[in-house]
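Peer 1: Attaching a single structure in structure tokens format; questions to follow.
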Amino acid sequence: MAEAEAVQLKEEGNRHFQLQDYKAATKNYSQALKLTKDKALLATLYRNRAACGLKTESYVQAASDASRAIDINSSDIKALYRRCQALEHLGKLDQAFKDVQRCATLEPRNQNFQETLRRLNTSIQEKLRVQFSTDSRVQKMFEILLDENSEADKREKAANNLIVLGREEAGAEKIFQNNGVALLLQLLDTKKPELVLAAVRTLSGMCSGHRARATVILQAVRIDRICSLMAVENEEMSLAVCNLLQAIIDSLSGEDKQEIRGKEEALVPDTKKDLKQITSHLLDMLVSKKVSGQGRDQALNLLNKNVPRKDLAIHDNSRTIYVVDNGLRKILKVVGQVPDLPSCLPLTDNTRMLASILINKLYDDLRCDPERDHFRKICEEYITGKFDPQDMDKNLNAIQTVSGILQGPFDLGNQLLGLKGVMEMMVALCGSERETDQLVAVEALIHASTKLSRATFIITNGVSLLKQIYKTTKNEKIKIRTLVGLCKLGSAGGTDYGLRQFAEGSTEKLAKQCRKWLCNTAIDTRTRRWAVEGLAYLTLDADVKDDFVQDVPALQAMFELAEASTSDKTILYSVATTLVNCTNSYDVKEVIPELVQLAKFSKQHVPEEHPKDKKDFIDMRVKRLLKAGVISALACMVKADSAILTDQTKELLARVFLALCDNPKDRGTIVAQGGGKALIPLALEGTDVGKVKAAHALAKIAAVSNPDIAFPGERVYEVVRPLVSLLDTQRDGLQNYEALLGLTNLSGRSDKLRQKIFKERALPDIENYMFENHDQLRQAATECMCNMVLNKEVQERFLADGNDRLKLVVLLCGEDDDKLQNAAAGALAMLTGAHKKLCLKMTQVTTQWLEILQRLCLHDQLSVQHRGLVIAYNLLAADAELAKKLVESELLEILTVVGKQEPDEKKAEVVQAARECLIKCMDYGFIKPVC
């Protein structure tokens with residue numbers, strides 16, 4: 001009865017559907033579904049109710065009913081199509097597409113299905129285009145970031161995507177045009193560090209290379225807000241804001257060197273006002289107590305990088321003049337801070353040093369004496385204005401300021417030492433009972449005693465005080481600094497054995513105490529750094545350096561300190577100086593015997609060399625340093641931030657590397673510990689002397705090492721330029737020679753490297769050294785050319801008319817030097833094998849060509865002989881007339897004699913090459929085989 005009633009309700013529902021009474025039809029179908037269990041009827045009822053849902057726009061219900069019908073019969077084409085229609089209306093185009101695709105598969109000729117398939121495909125493509133368009137992506141990212149209920153991982157992903165988008169020109173412009181700056185300001189307002197950081201980094205990308213955007217962003221965010229963000233305690237935030245400001249400065253000043261598009265420049269007002277405003281706010285940050293030590297450092301870094309001229313050939317130094325007039329006193333205040341005083345500004349270990357560097361750069365950027373006098377007067381007025389008999393803290397600040405200037409422009413510091421009361425105050429502070437006073441005074445004495453003349457004054461007036469403090473103080477910080485002062489004064493004679501300031505054995509005792517402090521990990525890093533600085537002076541003494549390299553724990557303690565303190569430039573400099581002293585890699589003036597005799601006759605002082613500064617001792621010290629792991633420490637130091645690793649420190653590191661690379665047997669160890677990679681940045685940046693030293697060390701490594709291991713990946717291409725720079729005639733013969741050996745090794749690895757060498761314009765220099773009178777240089781250059789001729793562009797230089805390149809190679813094949821002949825014959829074999837034209841050209845460049853060829857084919861050395869026979873084969877194969885000429889000469893007899901030999905293992909290649917030449921002659925019909 002129930003089944004019959006269900007069928008009747010279905011029929012009634014169908015009638016209502018035809019009359020377009022869809023609600024009544026839905027009611028009938030729903031009642032029928034409750035009465036039947038017949039699968040076929042159930043599928044029909046669900047399918048029909050889905051049709052009603054489509055008509056009443058109940059798409060969710062329609063999709064659900066159609067799905068139930070499909071669950072019963074997966075090939076129900078009507079249910080599939082109805083679900084497709086419902087899903088399309090719900091915006092689920094990809095699912096709808098799958099359903100109609102199934103329908104079209106079941107009934108391929110159904111035009112309705114085909115049309116729907118085309119329409120959905122078009123709609124899906126458009127949706128994807130909109131969905132993935134930059135506008136949509138930008139909006140979506142901001143929605144996620146500004147929605148407090150967003151999941152953490154979604155927020156992080158959106159923030160990273162926004163940063164990446166901001167770094168692309170198209171993306172940055174889309175963010176800018178879609179109200180992006182206002183939305184980024186909203187992110188800044190959230191005060192949530194991760195969102196603020198994302199906003200800052202996105203703004204940084206948007207400002208890079210676009211002056212108009214940078215101007216708008218600076219006005220919208222405001223310089224005071226940017227500086228307040230940079231002033232926070234968070235190091236990551238401070239650095240990110242520093243990068244944002246740098247991007248703005250680069251764009252406003254044109255330092256980014258990117259092309260300005262369209263009419264943009266005409267729309268942007270003069271940027272000098274904005275740049276001056278930025279400089280002014282940075283100077284204000286220096287003296288604000290609200291600014292963190294990190295923020296102060298970043299402000300100093302920005303001033304260091306952007307105020308002084310990058311090239312002194314530029315006449316305009318107005319930015320420096322502005323800073324001197326409006327900010328020098330503020331910089332001096334930072335330099336004069338005493339960390340132990342309650343009034344001290346928040347500082348890091350590097351703050352005062354960065355301020356000293358800024359003073360030095362500003363002073364160097366001045367163009368004339370009146371400007372320097374003005375600078376000095378400001379410093380004098382600031383320091384003398386601090387002297388106050390009633391306030392010892394002010395006096396401390398004054399002496400600390402002098403101490404800081406001595407670490408910057410030393411000449412200016414020396415002038416300030418001569419001010420009335422400065423030296424007296426330093427000596428008085430040494431005698432103070434307050435430890436802070438002693439600390440500042442001792443440091444000032446250390447910095448003041450750099451020049452021998454000044455040190456002599458301090459030896460007379462201050463050594464007794466320093467010794468007294470050393471004996472009486474219980475403060476380790478003061479004790480170690482006092483010791484460094486004594487170390488510095490003890491080393492005032494430099495490497496001159498005859499100019500010792502202290503009694504025999506005193507420097508060794510000082511050094512022993514320094515080593516003891518260095519190994520004491522219970523002492524804070526800042527204080528242990530002074531122990532290294534003490535050794536940096538004392539290791540000028542050969543006895544001290546020899547003892548030090550034998551003290552493995554002390555060496556490793558110094559290396560660990562360097563690796564852990566790559567943010568402290570003074571430690572890096574002291575470690576580098578100590579290593580230069582231990583390896584004797586400093587410059588030593590050549591002693592001319594005649595001048596020594598003259599000096600003795602006139603009773604002048606003659607520099608003496610310590611017995612332990614002879615080569616055997618130096619080599620032993622190098623061995624011990626390598627065994628202690630010096631390369632790992634050096635590699636770590638090279639990776640330090642550019643603001644920390646000064647050009648002077650880079651030069652010292654390059655000197656050490658060069659000394660360590662001297663023995664070819666040690667170079668494998670250096671490569672294994674990452675020395676090859678570490679040398680590359682030193683050879684590309686720094687002082688001219690440092691770059692040459694590093695390039696020379698690279699040449700030594702490249703000459704004997706597998707480049708794939710020594711310089712893995714793309715780094716190998718960076719080695720080429722430093723090596724090519726050593727081919728300059730201003731470099732010495734050893735540098736030229738080892739650079740050529742290095743380039744030979746590199747050019748043998750791949751054509752890409754040969755191409756790089758060619759692009760660096762090394763070919764003319766290599767050719768010049770092939771003419772050199774020096775045998776080893778000529779041989780090295782020819783070996784390099786032997787590898788280079790595999791390159792097509794090099795071959796074209798030989799093919800070109802009007803040059804003697806091929807003639808030179810042919811003549812070098814006739815030299816008496818076996819190695820030179822071997823290299824030249826190799827080059828000629830490859831050239832004649834590559835181009836028939838060069839085979840013919842060879843016979844024209846010199847009348848001696850045939851005689852030289854015959855000598856090669858008869859050579860005692862099998863490698864040279866083999867190359868000569870390959871050249872003979874190339875000439876035979878190139879041209880029948882030329883072949884006939886060769887057969888008519890004595891060469892045929894030579895080939896016959898060589899070819900008839902019984903080939904043993906050593907001569908197999910030679911005999912085979914001769915026989916190939918004879919076979920070629922037979923092919924021409926010039927000779928016949930003997931039966």
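Convention: chains lettered A, B, ... in structure tokens order; per-chain residue numbering from 1; ligands numbered from 1 as shown.
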Could you name the residues that touch Val910 (chain A) at 10 Å or less, counting only C-alpha atoms, but leaving out those on the same chain fewer than 4 positions away, as a ChimeraX atom specification?
Peer 2: /A:857,862-870,898-899,901,903,906,914-915
Peer 1: Can you pull out every residue within 8 Å of region 514-516 of chain A, counting only C-alpha atoms, but drop anything in the same chain fewer than 3 positions away, and send it as a ChimeraX atom specification?
Peer 2: /A:480,483,510-511,519-520,531-532,534-535,548,554
Peer 1: Find the spatial neighbours of Asn397 (chain A), counting only C-alpha atoms, within a cut-off of 8 Å - ignore same-chain residues fewer than 4 positions away - and output them as a list in words.
Peer 2: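 Residues meeting the cut-off are Gly336, Gln337, Val338, Lys386, Asp393 and Thr401 of chain A.
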Peer 1: What does the distance from CA of Val809 (chain A) to CA of Gly748 (chain A) come to in Å, to one decimal?
Peer 2: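 Separating CA of Val809 (chain A) from CA of Gly748 (chain A) is a distance of 18.6 Å.
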Peer 1: Taking the chain letters and numbering used in this document, name the residues of region 108-163 of chain A that DSSP puts in helix (DSSP H, G or I), as a VMD selection string.
Peer 2: chain A and resid 111 to 132 134 to 146 152 to 163
Peer 1: If we count only C-alpha atoms, what is near region 358-363 of chain A at a cut-off of 7 Å, once residues fewer than 3 positions away on the same chain are taken out, given as an NGL selection string?
Peer 2: :A and (304 or 308 or 320 or 354-355 or 366 or 372 or 408-409)
Peer 1: Taking N, CA, C and O atoms for each residue, export the selection above as a PDB file, in the first residue's frame.
Peer 2:
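The new file again.pdb reads:
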ATOM      1  N   ASN A 304      76.719  57.509   9.052  1.00  0.00           N
ATOM      2  CA  ASN A 304      78.018  57.089   8.501  1.00  0.00           C
ATOM      3  C   ASN A 304      77.937  56.815   7.015  1.00  0.00           C
ATOM      4  O   ASN A 304      78.840  57.152   6.240  1.00  0.00           O
ATOM      5  N   PRO A 308      78.913  61.637   4.718  1.00  0.00           N
ATOM      6  CA  PRO A 308      80.178  61.966   4.024  1.00  0.00           C
ATOM      7  C   PRO A 308      80.125  61.568   2.547  1.00  0.00           C
ATOM      8  O   PRO A 308      79.427  60.615   2.180  1.00  0.00           O
ATOM      9  N   THR A 320      77.934  67.189   5.019  1.00  0.00           N
ATOM     10  CA  THR A 320      78.879  67.101   6.136  1.00  0.00           C
ATOM     11  C   THR A 320      78.920  68.414   6.909  1.00  0.00           C
ATOM     12  O   THR A 320      78.898  68.412   8.149  1.00  0.00           O
ATOM     13  N   LEU A 354      81.133  53.439  16.809  1.00  0.00           N
ATOM     14  CA  LEU A 354      80.443  53.941  15.596  1.00  0.00           C
ATOM     15  C   LEU A 354      80.469  55.463  15.561  1.00  0.00           C
ATOM     16  O   LEU A 354      80.634  56.069  14.501  1.00  0.00           O
ATOM     17  N   ALA A 355      80.303  56.092  16.738  1.00  0.00           N
ATOM     18  CA  ALA A 355      80.353  57.552  16.803  1.00  0.00           C
ATOM     19  C   ALA A 355      81.758  58.054  16.470  1.00  0.00           C
ATOM     20  O   ALA A 355      81.926  59.070  15.774  1.00  0.00           O
ATOM     21  N   LEU A 366      86.113  66.994   5.123  1.00  0.00           N
ATOM     22  CA  LEU A 366      86.281  68.457   5.044  1.00  0.00           C
ATOM     23  C   LEU A 366      87.296  68.795   3.958  1.00  0.00           C
ATOM     24  O   LEU A 366      88.246  68.051   3.732  1.00  0.00           O
ATOM     25  N   ARG A 372      88.366  72.586   8.808  1.00  0.00           N
ATOM     26  CA  ARG A 372      88.947  71.738   9.853  1.00  0.00           C
ATOM     27  C   ARG A 372      89.132  72.527  11.154  1.00  0.00           C
ATOM     28  O   ARG A 372      88.921  71.989  12.248  1.00  0.00           O
ATOM     29  N   GLY A 408      89.143  57.998  16.442  1.00  0.00           N
ATOM     30  CA  GLY A 408      88.683  58.456  15.131  1.00  0.00           C
ATOM     31  C   GLY A 408      89.806  59.197  14.425  1.00  0.00           C
ATOM     32  O   GLY A 408      90.832  58.600  14.092  1.00  0.00           O
ATOM     33  N   PRO A 409      89.650  60.527  14.218  1.00  0.00           N
ATOM     34  CA  PRO A 409      90.740  61.285  13.557  1.00  0.00           C
ATOM     35  C   PRO A 409      91.886  61.503  14.553  1.00  0.00           C
ATOM     36  O   PRO A 409      91.821  62.391  15.399  1.00  0.00           O
TER      37      PRO A 409
END
Peer 1: For CA of Met230 (chain A) and CA of Leu245 (chain A), determine how far apart the two atoms are, in Å to one decimal place.
Peer 2: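 These atoms are spaced 9.4 Å apart.
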Peer 1: Excluding region 196-203 of chain A and its own-chain neighbours fewer than 6 positions away, which residues fall within 10 Å of it when counting only C-alpha atoms? Please give them as an NGL selection string.
Peer 2: :A and (145 or 156 or 158-167 or 172 or 175-176 or 180-181 or 183-190 or 213-214 or 217-218 or 221 or 226 or 229 or 236-238 or 240-245 or 247-248)
Peer 1: Would you mind listing what lies within 6 Å of Ser251 (chain A) as a list of chain:residue names, with only C-alpha atoms counted and same-chain residues fewer than 6 positions away left out?
Peer 2: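 Within the cut-off, the hits are A:Gly209, A:His210, A:Arg211.
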Peer 1: Could you work out how far CA of Ile144 (chain A) lies from CA of Gly171 (chain A), giving the answer in Å with one decimal?
Peer 2: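 Separating CA of Gly171 (chain A) from CA of Ile144 (chain A) is a distance of 17.7 Å.
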